[in-house]
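Right, one structure below, let's go through it.
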Amino acid sequence: MPALPILYSFRRCPYAIRARLALKAAQVPVELREVVLRDKPAAMLAISPKGTVPVLQLPDGQVIQESLEIMTWALGQSDPGGWLAHVEHQAMQGLIATNDGPFKALLDRYKYPERHPAHTATEYRQQAIDLFIADLDRRLSAQAHLLGGQTSLADAAIVPFVRQFAQVDADWFASAPFPALRRWLQAWANSPLFEAVMAKHPAWRPADTPTVF
Ligand SMILES: N[C@@H](CCC(=O)N[C@@H](CS)C(=O)NCC(=O)O)C(=O)O
């Protein structure tokens, strides 16, 4: 059997989730190595000293250490769902940049307000709504996916972060005034693709038999 790419991953990390979504959607098999963040494997740090997951090591030795680059690499191999087709690349990059930059910063503050005492959790949540969440809901009221009638890279890249936002206070989110966003999140979370990428795997140890994902 030819060597597979190796993915260092952490189940709950939103960046790793989106990388796994793209790899699964592209039907690119990889060897999955589940990482414990407080005890990262030496083999991972040797190829990616910055120490974040996900990291993808290709059989030719090339190392991809940014989740979005892993997504575009995977979809460049095969893109049966057309996630890179029919989308305005500038609009897609803009949405993902807002997600990864200011929205992620507010999400961390909303999750851990005690580390950021300048505002309360409710204030950080409102800032996240004003910045991003209300806009996503508006988009999804008019169309099934963030950039139109078809799933795109933007949906997959952003959904793990919206899921975290929803989980901070699930009771509040269940009746918050964002029904279209709630529907979109539910559809993703209940999809076989999402369920497949959220399967649990024990932490990887070098002597283990490879787990093919
Ligand atoms: N820009 C990176 C961010 C990845 C990232 O920050 N991952 C977190 C986990 S969600 C991480 O590995 N943090 C290092 C640590 O917690 O030690 C990417 O898109 O891949």
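Ordering of the structure tokens sets the chain letters (A, B, ...), residue numbers begin anew at 1 in every chain, and ligands are numbered from 1 in the order given.
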Requested in this report: Determine, counting only C-alpha atoms, which protein, DNA and RNA residues have an atom within 9 Å of an atom of region 77-90 of chain A; residues of the same chain fewer than 2 positions away are not included. Present the result as a PyMOL selection string.
Outcome: chain A and resi 22+25-28+72-75+92-95+147-148+150-156
Requested in this report: Let me have all residues with an atom within 7 Å of ligand 1, counting only C-alpha atoms and all ligand atoms, laid out as a ChimeraX atom specification.
Outcome: /A:13-16,37-38,51-54,65-68
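Within 7 Å of Val36 (chain A), once only C-alpha atoms are used and residues closer than 3 positions along the same chain are dropped, the contacting residues are Asp39, Lys40 and Ala203 of chain A.
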**Report entry** helix (DSSP H, G or I) positions in region 49-142 of chain A, given as an MDAnalysis selection string
**Finding:** chainID A and resid 67:77 89:111 113:115 121:142
Query raised in the report: Quick one: residues within 8 Å of Trp184 (chain A), only C-alpha atoms counted, chain neighbours fewer than 5 positions away excluded, as an MDAnalysis selection string?
Result: chainID A and resid 140 144:145
Save out the residues we just selected, C-alpha atoms, as a compact mmCIF listing (two decimals), in the first residue's frame.
```
# COMPACT_ATOMS: atom_id res chain seq x y z
CA LEU A 140 -28.60 32.15 5.30
CA ALA A 144 -29.05 27.82 1.72
CA HIS A 145 -25.30 28.30 2.07
```
Requested in this report: Could you check which of A:Phe165, A:Phe10, A:Phe178, A:Tyr124 is closest to Asp137 (chain A), using only C-alpha atoms?
Outcome: A:Phe178
**Report entry** Option closest in space to Asp100 (chain A), from A:Leu58, A:His201, A:Thr209, A:Pro160 [counting only C-alpha atoms]
**Finding:** A:Pro160
Query - Shortest interatomic distance to Tyr112 (chain A) - which of A:Leu146, A:Leu7, A:Leu136, A:Val168, counting only C-alpha atoms - result: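 The shortest atom-to-atom distance to Tyr112 (chain A) comes from A:Val168.
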Query raised in the report: Which one of A:Ile158, A:Ala174, A:Ala128, A:Leu181 sits closest to Gln143 (chain A) if you count only C-alpha atoms?
Result: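 Of all the options, A:Leu181 lies closest to Gln143 (chain A).
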Query raised in the report: Out of A:Ile64, A:Leu107, A:Val30, A:Ala134, which residue has the shortest atom-to-atom distance to Thr122 (chain A) when counting only C-alpha atoms?
Result: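 Looking at the shortest contact to Thr122 (chain A), the residue is A:Leu107.
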Query raised in the report: Using only C-alpha atoms, which residue out of A:Gln127, A:Ser9, A:Gln62, A:Thr120 lies closest to Pro41 (chain A)?
Result: A:Ser9
Query - Contacts of Leu32 (chain A) at 8 Å (only C-alpha atoms; same-chain gap of 2+ positions) as a list of chain:residue names - result: A:Ile6, A:Leu7, A:Tyr8, A:Ser9, A:Val30, A:Glu34, A:Pro210, A:Thr211, A:Val212, A:Phe213
Requested write-out: N, CA and C atoms of the selected residues, as a compact mmCIF listing (two decimals), in the first residue's frame:
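Result file selection-v1.txt:
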```
# COMPACT_ATOMS: atom_id res chain seq x y z
N ILE A 6 0.05 12.07 6.43
CA ILE A 6 -0.17 11.95 7.88
C ILE A 6 -0.80 13.24 8.38
N LEU A 7 -1.93 13.11 9.09
CA LEU A 7 -2.60 14.30 9.65
C LEU A 7 -2.47 14.26 11.17
N TYR A 8 -1.79 15.26 11.73
CA TYR A 8 -1.80 15.46 13.18
C TYR A 8 -3.01 16.33 13.48
N SER A 9 -3.84 15.86 14.41
CA SER A 9 -5.16 16.46 14.57
C SER A 9 -5.56 16.44 16.04
N VAL A 30 -6.09 9.63 4.84
CA VAL A 30 -4.86 10.03 5.55
C VAL A 30 -4.69 9.11 6.75
N GLU A 34 -4.07 11.40 16.46
CA GLU A 34 -4.76 12.25 17.43
C GLU A 34 -3.74 12.75 18.46
N PRO A 210 -1.30 2.21 12.25
CA PRO A 210 -1.89 3.45 11.72
C PRO A 210 -3.42 3.41 11.68
N THR A 211 -4.04 4.53 12.05
CA THR A 211 -5.49 4.70 11.93
C THR A 211 -5.74 5.42 10.61
N VAL A 212 -6.43 4.74 9.69
CA VAL A 212 -6.72 5.39 8.41
C VAL A 212 -8.04 6.15 8.57
N PHE A 213 -8.00 7.44 8.18
CA PHE A 213 -9.17 8.30 8.33
C PHE A 213 -9.71 8.60 6.95
```
Requested in this report: as a list in words, list the residues of region 24-158 of chain A assigned to strand (DSSP E) by DSSP on the backbone atoms of this structure.
Outcome: Glu31, Leu32, Arg33, Glu34, Val55, Leu56, Gln57, Val63 and Ile64 of chain A
Could the residues in this selection be saved with C-alpha atoms as a PDB file, in the first residue's frame?
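Saved to out-v5.pdb:
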```
ATOM      1  CA  GLU A  31      -3.227   8.426   8.545  1.00  0.00           C
ATOM      2  CA  LEU A  32      -4.803  10.201  11.512  1.00  0.00           C
ATOM      3  CA  ARG A  33      -2.663  10.914  14.566  1.00  0.00           C
ATOM      4  CA  GLU A  34      -4.757  12.255  17.432  1.00  0.00           C
ATOM      5  CA  VAL A  55      -0.459  19.554  10.416  1.00  0.00           C
ATOM      6  CA  LEU A  56      -0.430  17.481   7.237  1.00  0.00           C
ATOM      7  CA  GLN A  57       2.744  15.695   6.148  1.00  0.00           C
ATOM      8  CA  VAL A  63       4.483  19.804   5.380  1.00  0.00           C
ATOM      9  CA  ILE A  64       1.294  21.901   5.400  1.00  0.00           C
TER      10      ILE A  64
END
```
